[in-house]
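Student: So here's data.tsv, just TSV, C-alpha atoms (C1' of nucleotides):
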chain	number	residue	atom	x	y	z
A	1	MET	CA	-4.37	1.57	-0.20
A	2	PRO	CA	-1.89	3.69	-0.95
A	3	GLU	CA	1.34	3.09	-2.68
A	4	LEU	CA	4.11	5.66	-2.84
A	5	PRO	CA	2.25	8.27	-4.94
A	6	GLU	CA	-0.82	8.17	-2.72
A	7	VAL	CA	1.26	8.39	0.45
A	8	GLU	CA	3.21	11.27	-1.04
A	9	THR	CA	-0.04	13.02	-1.89
A	10	VAL	CA	-1.36	12.46	1.62
A	11	CYS	CA	1.88	13.84	3.08
A	12	ARG	CA	1.60	16.99	1.02
A	13	GLY	CA	-1.98	17.45	2.14
A	14	LEU	CA	-1.05	16.84	5.77
A	15	ALA	CA	1.82	19.30	5.54
A	16	LEU	CA	-0.55	22.06	4.48
A	17	LYS	CA	-2.78	21.46	7.49
A	18	LEU	CA	-0.25	20.49	10.15
A	19	GLU	CA	3.19	22.02	9.62
A	20	GLY	CA	3.79	24.79	12.11
A	21	ARG	CA	0.64	23.95	14.04
A	22	ALA	CA	0.36	22.49	17.51
A	23	LEU	CA	-1.60	19.32	18.18
A	24	ALA	CA	-4.06	20.79	20.62
A	25	ARG	CA	-5.97	17.56	21.02
A	26	VAL	CA	-5.13	13.95	20.23
A	27	GLU	CA	-7.68	11.16	20.56
A	28	ALA	CA	-7.06	7.42	20.35
A	29	ARG	CA	-10.51	5.97	19.74
A	30	ARG	CA	-9.26	2.51	18.91
A	31	ARG	CA	-5.77	1.32	19.83
A	32	ASP	CA	-5.59	-2.16	18.26
A	33	LEU	CA	-4.23	-1.35	14.84
A	34	ARG	CA	-1.73	-3.63	13.08
A	35	GLN	CA	0.30	-3.08	16.19
A	36	PRO	CA	-1.12	-1.51	19.35
A	37	LEU	CA	-0.68	2.21	19.78
A	38	PRO	CA	2.09	3.00	22.28
A	39	ARG	CA	0.72	3.28	25.79
A	40	ASP	CA	1.78	6.93	26.10
A	41	PHE	CA	0.76	7.87	22.54
A	42	VAL	CA	-1.72	10.62	23.42
A	43	ARG	CA	0.39	12.09	26.20
A	44	ARG	CA	3.54	12.33	24.07
A	45	LEU	CA	1.76	14.02	21.18
A	46	THR	CA	-0.60	16.42	22.88
A	47	GLY	CA	0.62	20.00	22.75
A	48	ARG	CA	3.54	19.25	20.42
A	49	ARG	CA	4.16	21.41	17.38
A	50	VAL	CA	4.52	19.69	14.00
A	51	ASP	CA	7.78	20.78	12.43
A	52	ARG	CA	7.73	18.77	9.22
A	53	ILE	CA	5.91	15.98	7.41
A	54	ALA	CA	8.14	13.60	5.48
A	55	ARG	CA	7.81	10.25	3.73
A	56	ARG	CA	10.00	7.15	3.59
A	57	ALA	CA	8.71	4.36	1.34
A	58	LYS	CA	5.02	4.10	2.27
A	59	TYR	CA	5.56	5.49	5.76
A	60	ILE	CA	4.42	8.95	6.82
A	61	LEU	CA	6.89	10.61	9.21
A	62	MET	CA	5.60	13.46	11.32
A	63	HIS	CA	8.51	15.30	12.95
A	64	LEU	CA	7.57	17.08	16.17
A	65	ASP	CA	9.28	19.90	18.01
A	66	ASP	CA	10.64	17.67	20.78
A	67	GLN	CA	12.46	15.29	18.39
A	68	THR	CA	9.66	12.76	18.58
A	69	VAL	CA	8.62	11.30	15.24
A	70	LEU	CA	5.20	9.85	14.60
A	71	ILE	CA	5.57	6.95	12.16
A	72	ALA	CA	2.32	6.11	10.37
A	73	HIS	CA	1.47	3.50	7.73
A	74	LEU	CA	-1.89	3.47	5.96
A	75	GLY	CA	-1.90	-0.28	5.30
A	76	MET	CA	-4.45	-1.27	2.68
A	77	SER	CA	-7.43	0.84	3.63
A	78	GLY	CA	-6.06	3.69	5.71
A	79	ARG	CA	-7.05	7.28	4.95
A	80	MET	CA	-6.35	10.67	6.45
A	81	VAL	CA	-9.60	12.55	6.28
A	82	VAL	CA	-9.92	16.23	6.99
A	83	ALA	CA	-13.07	16.83	8.98
A	84	ALA	CA	-14.69	19.94	7.60
A	85	ASP	CA	-16.59	20.07	10.86
A	86	PRO	CA	-14.55	18.70	13.78
A	87	ALA	CA	-17.78	18.20	15.68
A	88	ALA	CA	-19.24	15.94	12.98
A	89	PRO	CA	-20.09	12.39	14.13
A	90	PHE	CA	-17.26	9.89	13.91
A	91	ASP	CA	-17.22	7.10	11.39
A	92	ALA	CA	-16.96	3.61	12.91
A	93	HIS	CA	-13.40	3.36	11.59
A	94	ASP	CA	-12.06	6.73	12.72
A	95	HIS	CA	-9.34	5.42	15.02
A	96	VAL	CA	-7.07	8.38	15.74
A	97	VAL	CA	-7.94	12.08	15.62
A	98	PHE	CA	-5.58	15.06	15.64
A	99	THR	CA	-7.01	18.52	16.15
A	100	THR	CA	-4.71	21.50	15.68
A	101	ASP	CA	-4.61	24.80	17.48
A	102	ALA	CA	-6.20	26.21	14.32
A	103	GLY	CA	-9.23	23.99	14.87
A	104	VAL	CA	-8.58	21.63	11.96
A	105	SER	CA	-9.28	17.96	12.58
A	106	ILE	CA	-7.48	15.11	10.81
A	107	ARG	CA	-9.04	11.68	11.24
A	108	PHE	CA	-7.09	8.49	10.63
A	109	ASN	CA	-9.73	6.12	9.28
A	110	ASP	CA	-8.83	2.50	8.58
A	111	ALA	CA	-11.54	-0.11	8.17
A	112	ARG	CA	-9.19	-3.08	7.92
A	113	ARG	CA	-6.77	-1.89	10.56
A	114	PHE	CA	-3.71	-3.04	8.64
A	115	GLY	CA	-2.32	0.43	9.21
A	116	LEU	CA	-0.22	1.44	12.19
A	117	MET	CA	1.03	4.40	14.16
A	118	THR	CA	3.98	4.41	16.49
A	119	LEU	CA	6.47	6.84	17.99
A	120	ALA	CA	10.23	7.04	17.70
A	121	ARG	CA	12.97	9.50	18.56
A	122	ALA	CA	14.41	11.36	15.59
A	123	ASP	CA	17.91	10.03	16.29
A	124	GLU	CA	16.58	6.46	16.28
A	125	LEU	CA	14.86	6.68	12.90
A	126	ASP	CA	17.75	5.31	10.85
A	127	GLY	CA	17.92	2.04	12.72
A	128	HIS	CA	14.21	1.76	13.40
A	129	PRO	CA	12.92	-1.79	12.87
A	130	LEU	CA	10.13	-0.60	10.58
A	131	LEU	CA	12.50	1.31	8.32
A	132	VAL	CA	15.78	-0.55	8.45
A	133	GLY	CA	16.60	-2.43	5.28
A	134	ILE	CA	14.21	-0.55	3.04
A	135	GLY	CA	15.69	0.00	-0.41
A	136	PRO	CA	16.38	3.25	-2.24
A	137	GLU	CA	13.67	5.84	-2.83
A	138	PRO	CA	12.76	5.44	-6.50
A	139	LEU	CA	12.52	9.20	-6.99
A	140	GLY	CA	15.85	9.86	-5.30
A	141	ASN	CA	19.21	10.44	-6.96
A	142	GLU	CA	20.61	7.11	-5.86
A	143	PHE	CA	18.05	5.10	-7.81
A	144	ASN	CA	18.91	4.18	-11.39
A	145	GLY	CA	19.28	1.14	-13.62
A	146	ARG	CA	22.63	0.19	-12.17
A	147	ALA	CA	21.40	0.38	-8.58
A	148	LEU	CA	18.32	-1.64	-9.45
A	149	ALA	CA	20.36	-4.26	-11.33
A	150	GLU	CA	22.60	-4.67	-8.30
A	151	ARG	CA	19.68	-5.46	-6.06
A	152	LEU	CA	18.13	-7.87	-8.53
A	153	ALA	CA	21.36	-9.75	-9.20
A	154	GLY	CA	21.08	-13.43	-8.40
A	155	LYS	CA	17.40	-13.31	-7.47
A	156	ALA	CA	15.45	-16.30	-8.73
A	157	THR	CA	12.09	-14.75	-7.91
A	158	PRO	CA	9.84	-13.26	-10.62
A	159	ILE	CA	10.53	-9.60	-11.31
A	160	LYS	CA	6.98	-8.70	-10.27
A	161	ALA	CA	7.55	-10.13	-6.81
A	162	ALA	CA	10.95	-8.44	-6.60
A	163	LEU	CA	9.38	-5.03	-7.26
A	164	LEU	CA	6.99	-5.57	-4.36
A	165	ASP	CA	9.94	-6.37	-2.10
A	166	GLN	CA	10.55	-3.13	-0.20
A	167	THR	CA	14.24	-3.96	0.25
A	168	VAL	CA	14.72	-3.82	-3.53
A	169	VAL	CA	13.07	-0.46	-4.07
A	170	ALA	CA	10.93	1.57	-1.70
A	171	GLY	CA	7.26	2.32	-2.11
A	172	VAL	CA	6.22	0.25	-5.12
A	173	GLY	CA	3.01	-1.71	-4.61
A	174	ASN	CA	0.85	-3.98	-6.71
A	175	ILE	CA	-0.60	-1.38	-9.06
A	176	TYR	CA	2.59	0.46	-9.94
A	177	ALA	CA	4.60	-2.77	-10.20
A	178	CYS	CA	2.18	-3.84	-12.95
A	179	GLU	CA	2.26	-0.46	-14.63
A	180	ALA	CA	6.05	-0.15	-14.54
A	181	LEU	CA	6.58	-3.63	-15.99
A	182	PHE	CA	4.17	-2.82	-18.80
A	183	GLN	CA	5.92	0.42	-19.56
A	184	ALA	CA	9.30	-1.30	-19.54
A	185	GLY	CA	8.04	-4.13	-21.75
A	186	LEU	CA	9.10	-6.79	-19.26
A	187	SER	CA	7.15	-9.92	-18.45
A	188	PRO	CA	6.08	-10.10	-14.80
A	189	ARG	CA	7.25	-13.75	-14.82
A	190	ARG	CA	10.79	-12.97	-15.92
A	191	LEU	CA	13.34	-13.94	-13.29
A	192	ALA	CA	14.60	-10.90	-11.47
A	193	ARG	CA	18.25	-11.88	-11.98
A	194	THR	CA	17.81	-11.53	-15.74
A	195	VAL	CA	16.86	-7.88	-15.42
A	196	GLN	CA	20.29	-6.36	-15.94
A	197	GLY	CA	21.87	-3.79	-18.22
A	198	ASP	CA	19.43	-2.17	-20.61
A	199	ARG	CA	16.44	-4.01	-19.14
A	200	ALA	CA	17.26	-2.67	-15.69
A	201	GLU	CA	17.66	0.81	-17.13
A	202	ARG	CA	14.28	0.59	-18.78
A	203	LEU	CA	12.63	-0.71	-15.63
A	204	ALA	CA	14.21	1.88	-13.34
A	205	HIS	CA	13.11	4.59	-15.72
A	206	ALA	CA	9.60	3.15	-15.93
A	207	VAL	CA	9.27	2.94	-12.14
A	208	ARG	CA	10.38	6.51	-11.75
A	209	ASP	CA	8.20	7.72	-14.59
A	210	VAL	CA	4.99	5.99	-13.55
A	211	LEU	CA	5.35	7.13	-9.93
A	212	THR	CA	6.12	10.68	-10.99
A	213	ARG	CA	3.10	10.80	-13.25
A	214	ALA	CA	0.88	9.38	-10.54
A	215	ILE	CA	2.03	12.00	-8.04
A	216	ALA	CA	1.44	14.71	-10.60
A	217	ALA	CA	-2.09	13.37	-10.99
A	218	GLY	CA	-2.63	13.56	-7.26
A	219	GLY	CA	-2.26	9.86	-6.57
A	220	SER	CA	-4.47	7.05	-7.71
A	221	SER	CA	-7.69	6.75	-5.83
A	222	LEU	CA	-9.53	3.52	-5.17
A	223	ARG	CA	-13.15	3.53	-4.14
A	224	ASP	CA	-12.66	4.85	-0.67
A	225	HIS	CA	-9.40	6.72	-0.86
A	226	VAL	CA	-9.73	10.40	-0.11
A	227	GLN	CA	-6.88	12.84	0.10
A	228	PRO	CA	-6.51	15.18	3.05
A	229	SER	CA	-7.86	17.92	0.82
A	230	GLY	CA	-11.01	15.86	0.36
A	231	GLU	CA	-10.43	15.64	-3.37
A	232	LEU	CA	-10.22	12.37	-5.22
A	233	GLY	CA	-7.10	11.47	-7.14
A	234	TYR	CA	-7.56	10.57	-10.73
A	235	PHE	CA	-4.52	8.62	-11.88
A	236	GLN	CA	-6.64	5.48	-12.08
A	237	HIS	CA	-7.89	6.82	-15.38
A	238	ALA	CA	-4.36	6.48	-16.66
A	239	TRP	CA	-3.77	2.84	-15.76
A	240	ALA	CA	-2.54	0.99	-18.81
A	241	VAL	CA	-2.98	-2.56	-17.47
A	242	TYR	CA	-4.09	-2.62	-13.83
A	243	GLY	CA	-7.70	-3.76	-13.46
A	244	ARG	CA	-8.08	-4.06	-17.24
A	245	GLU	CA	-8.25	-7.83	-17.72
A	246	GLY	CA	-9.71	-8.70	-21.10
A	247	GLU	CA	-9.56	-5.15	-22.37
A	248	PRO	CA	-7.36	-4.20	-25.30
A	249	CYS	CA	-3.73	-3.30	-24.76
A	250	LEU	CA	-3.39	0.44	-25.15
A	251	GLY	CA	-0.44	2.45	-26.26
A	252	CYS	CA	0.72	0.03	-28.90
A	253	ASP	CA	-0.81	-1.71	-31.88
A	254	CYS	CA	-0.12	-5.22	-30.66
A	255	ASP	CA	-3.87	-6.02	-30.79
A	256	GLY	CA	-3.48	-8.17	-27.67
A	257	ALA	CA	-5.71	-8.25	-24.64
A	258	ILE	CA	-4.66	-7.58	-21.08
A	259	ARG	CA	-4.34	-10.78	-19.06
A	260	ARG	CA	-4.47	-11.43	-15.35
A	261	LEU	CA	-2.40	-13.92	-13.45
A	262	VAL	CA	-1.80	-14.56	-9.76
A	263	GLN	CA	1.69	-14.25	-8.33
A	264	SER	CA	2.40	-14.48	-4.61
A	265	ASN	CA	-1.35	-14.39	-4.11
A	266	ARG	CA	-1.63	-10.99	-5.78
A	267	SER	CA	-3.19	-10.14	-9.12
A	268	THR	CA	-0.81	-9.21	-11.92
A	269	PHE	CA	-2.08	-7.56	-15.09
A	270	TYR	CA	0.04	-7.58	-18.23
A	271	CYS	CA	0.13	-7.73	-22.01
A	272	ALA	CA	1.62	-11.03	-23.14
A	273	LYS	CA	2.54	-9.66	-26.55
A	274	ARG	CA	4.30	-6.55	-25.46
A	275	GLN	CA	5.95	-7.77	-22.26
A	276	ARG	CA	8.80	-10.29	-22.63
B	277	DC	C1'	18.07	-17.90	-0.28
B	278	DT	C1'	13.53	-18.92	-2.53
B	279	DA	C1'	8.68	-20.18	-3.37
B	280	DC	C1'	4.50	-20.49	-1.50
B	281	DC	C1'	1.00	-20.02	1.82
B	282	DA	C1'	-1.59	-18.08	5.56
B	283	DT	C1'	-2.62	-14.22	8.54
B	284	DC	C1'	-4.20	-9.75	10.38
B	285	DC	C1'	-9.59	-7.26	9.32
B	286	DT	C1'	-13.65	-5.27	7.03
B	287	DG	C1'	-16.45	-4.18	3.20
B	288	DG	C1'	-17.73	-4.07	-1.62
B	289	DT	C1'	-18.85	-6.80	-5.63
B	290	DT	C1'	-20.22	-10.89	-8.02
B	291	DG	C1'	-22.71	-14.95	-8.85
B	292	DC	C1'	-26.12	-18.38	-7.78
C	293	DT	C1'	-33.62	-10.11	-2.31
C	294	DG	C1'	-30.55	-13.15	0.29
C	295	DC	C1'	-26.50	-15.08	1.04
C	296	DA	C1'	-21.99	-17.01	0.29
C	297	DA	C1'	-17.80	-16.75	-2.13
C	298	DC	C1'	-14.37	-13.98	-3.67
C	299	DC	C1'	-11.63	-9.99	-4.04
C	300	DA	C1'	-8.93	-5.79	-2.42
C	301	DG	C1'	-3.66	-0.86	-2.35
C	302	DG	C1'	0.49	-4.22	2.52
C	303	DA	C1'	3.61	-6.52	5.44
C	304	DT	C1'	5.20	-10.45	7.92
C	305	DG	C1'	6.11	-14.95	9.54
C	306	DG	C1'	6.17	-19.87	8.92
C	307	DT	C1'	7.19	-23.97	6.14
C	308	DA	C1'	9.35	-26.82	2.78
Mind converting the file's structure to structure tokens?

Tutor:
Amino acid sequence: MPELPEVETVCRGLALKLEGRALARVEARRRDLRQPLPRDFVRRLTGRRVDRIARRAKYILMHLDDQTVLIAHLGMSGRMVVAADPAAPFDAHDHVVFTTDAGVSIRFNDARRFGLMTLARADELDGHPLLVGIGPEPLGNEFNGRALAERLAGKATPIKAALLDQTVVAGVGNIYACEALFQAGLSPRRLARTVQGDRAERLAHAVRDVLTRAIAAGGSSLRDHVQPSGELGYFQHAWAVYGREGEPCLGCDCDGAIRRLVQSNRSTFYCAKRQR
DNA sequence: CTACCATCCTGGTTGC
DNA sequence: TGCAACCAGGATGGTA
């Protein structure tokens, strides 16, 4: 699934299809996602106009004309697929379908059902349980080395795990945590509390840079990840370490090989020579 | 607090 | 070719 760049890319694709359009038809084909769909999900959405698509961390926020907000998370395997032909047969994992007054169909497809959709009122968003406590947006003005250092201060956990903690910084997942640490030259095992000063500056810059580049590339795309436009992202071709165990370290002449280790039950890829 | 583990669920890949 | 083990982008809750 989708980390921040992929969710951002999906949001941009959704905005093109949905903003200003009414949801003429809403279908809930399967309600038992990570959390059950609200009982009145279909009724509250049908006929509403989509004002704006926004993103917070890895959440998609669909603002509707009656101040309702659809909060969606893609989990690990969730996709928003534009159905070229709304009458085409459904896939087994097409769980929710939105069809606009322009006749465009968006299918939320999620094989693993780790994704979720729920509804909130716009004035409740700030304190919403799913969003409260999430850290700064890494592409926002408030995120920099000093802000990152503050949130890492005193943490005895490895920096890799800290980057995956959504209260430290929003939207970073396993792939971009690996890539940012490589770019910053920091060992994934380094204790988070030691990432201060210049190291924090380097890491904050690397996080911002790698996410920005991934968005520019249209988001990374794993095997089954398709953007709303139907195109595949291609940032995976630019991964320096992720998924490259045993391959040579690129971008420097350290002649080392990329190694894999397991932290918090997740794979970490890194260059032991370059990252300290 | 922190580290560590399991859990939700399905499908693709790898190895015997 | 068959089948089992292992792995996967996330988030959360429990335990020590």

Student: Near chain A, which residues of chain B fall within 7 Å when you count all atoms listed in the file, and what do they look like as an mmCIF file with C-alpha atoms (C1' of nucleotides), keeping the file's coordinate frame?

Tutor:
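Okay, this is what ended up in out_2.cif:
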data_model
loop_
_atom_site.group_PDB
_atom_site.id
_atom_site.type_symbol
_atom_site.label_atom_id
_atom_site.label_comp_id
_atom_site.auth_asym_id
_atom_site.auth_seq_id
_atom_site.Cartn_x
_atom_site.Cartn_y
_atom_site.Cartn_z
ATOM 1 C "C1'" DT B 278 13.530 -18.920 -2.530
ATOM 2 C "C1'" DC B 284 -4.200 -9.750 10.380
ATOM 3 C "C1'" DC B 285 -9.590 -7.260 9.320
ATOM 4 C "C1'" DT B 286 -13.650 -5.270 7.030
#

Student: Select residues of chain A: the criterion is any atom within 8 Å of an atom of chain C, counting all atoms listed in the file; output as a list in words.

Tutor: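 The contacting residues on chain A are Met1, Pro2, Glu3, Gly75, Met76, Ser77, Phe114, Gly173, Asn174, Ile175 and Leu222 of chain A.
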
Student: Fewer than 2 positions away in the same chain doesn't count, so skip those; otherwise give me all residues within 6 Å of segment 66-74 of chain A, counting all atoms listed in the file, as a list in words.

Tutor: Tyr59, Ile60, Leu61, Met62, His63, Leu64, Gly78, Gly115, Leu116, Met117, Thr118, Leu119, Ala120, Arg121 and Ala122 of chain A

Student: Which residues, written as a PyMOL selection string, have at least one atom at most 10 Å from Pro158 of chain A, with only C-alpha atoms (C1' of nucleotides) counted and residues fewer than 6 positions away on the same chain left out?

Tutor: chain A and resi 187-194+263-264

Student: So what do you get for atom CA of Val81 of chain A versus atom CA of Arg48 of chain A, distance-wise?

Tutor: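 Atom-to-atom, atom CA of Val81 of chain A and atom CA of Arg48 of chain A are spaced 20.4 Å apart.
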
Student: Interatomic distance between atom CA of Arg244 of chain A and atom CA of Leu4 of chain A?

Tutor: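 One can read the atom CA of Arg244 of chain A to atom CA of Leu4 of chain A distance as 21.2 Å.
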
Student: Please report, as JSON lines, each residue of segment 93-163 of chain A lying at most 12 Å from segment 52-55 of chain A, together with the nearest pair of atoms and the separation in Å rounded to one decimal; use only C-alpha atoms, and order rows by chain and ascending residue number.

Tutor:
{"residue": "A:Ala122", "atom": "CA", "partner": "A:Arg52", "partner_atom": "CA", "distance": 11.8}
{"residue": "A:Leu131", "atom": "CA", "partner": "A:Arg55", "partner_atom": "CA", "distance": 11.1}
{"residue": "A:Glu137", "atom": "CA", "partner": "A:Arg55", "partner_atom": "CA", "distance": 9.8}
{"residue": "A:Leu139", "atom": "CA", "partner": "A:Arg55", "partner_atom": "CA", "distance": 11.8}
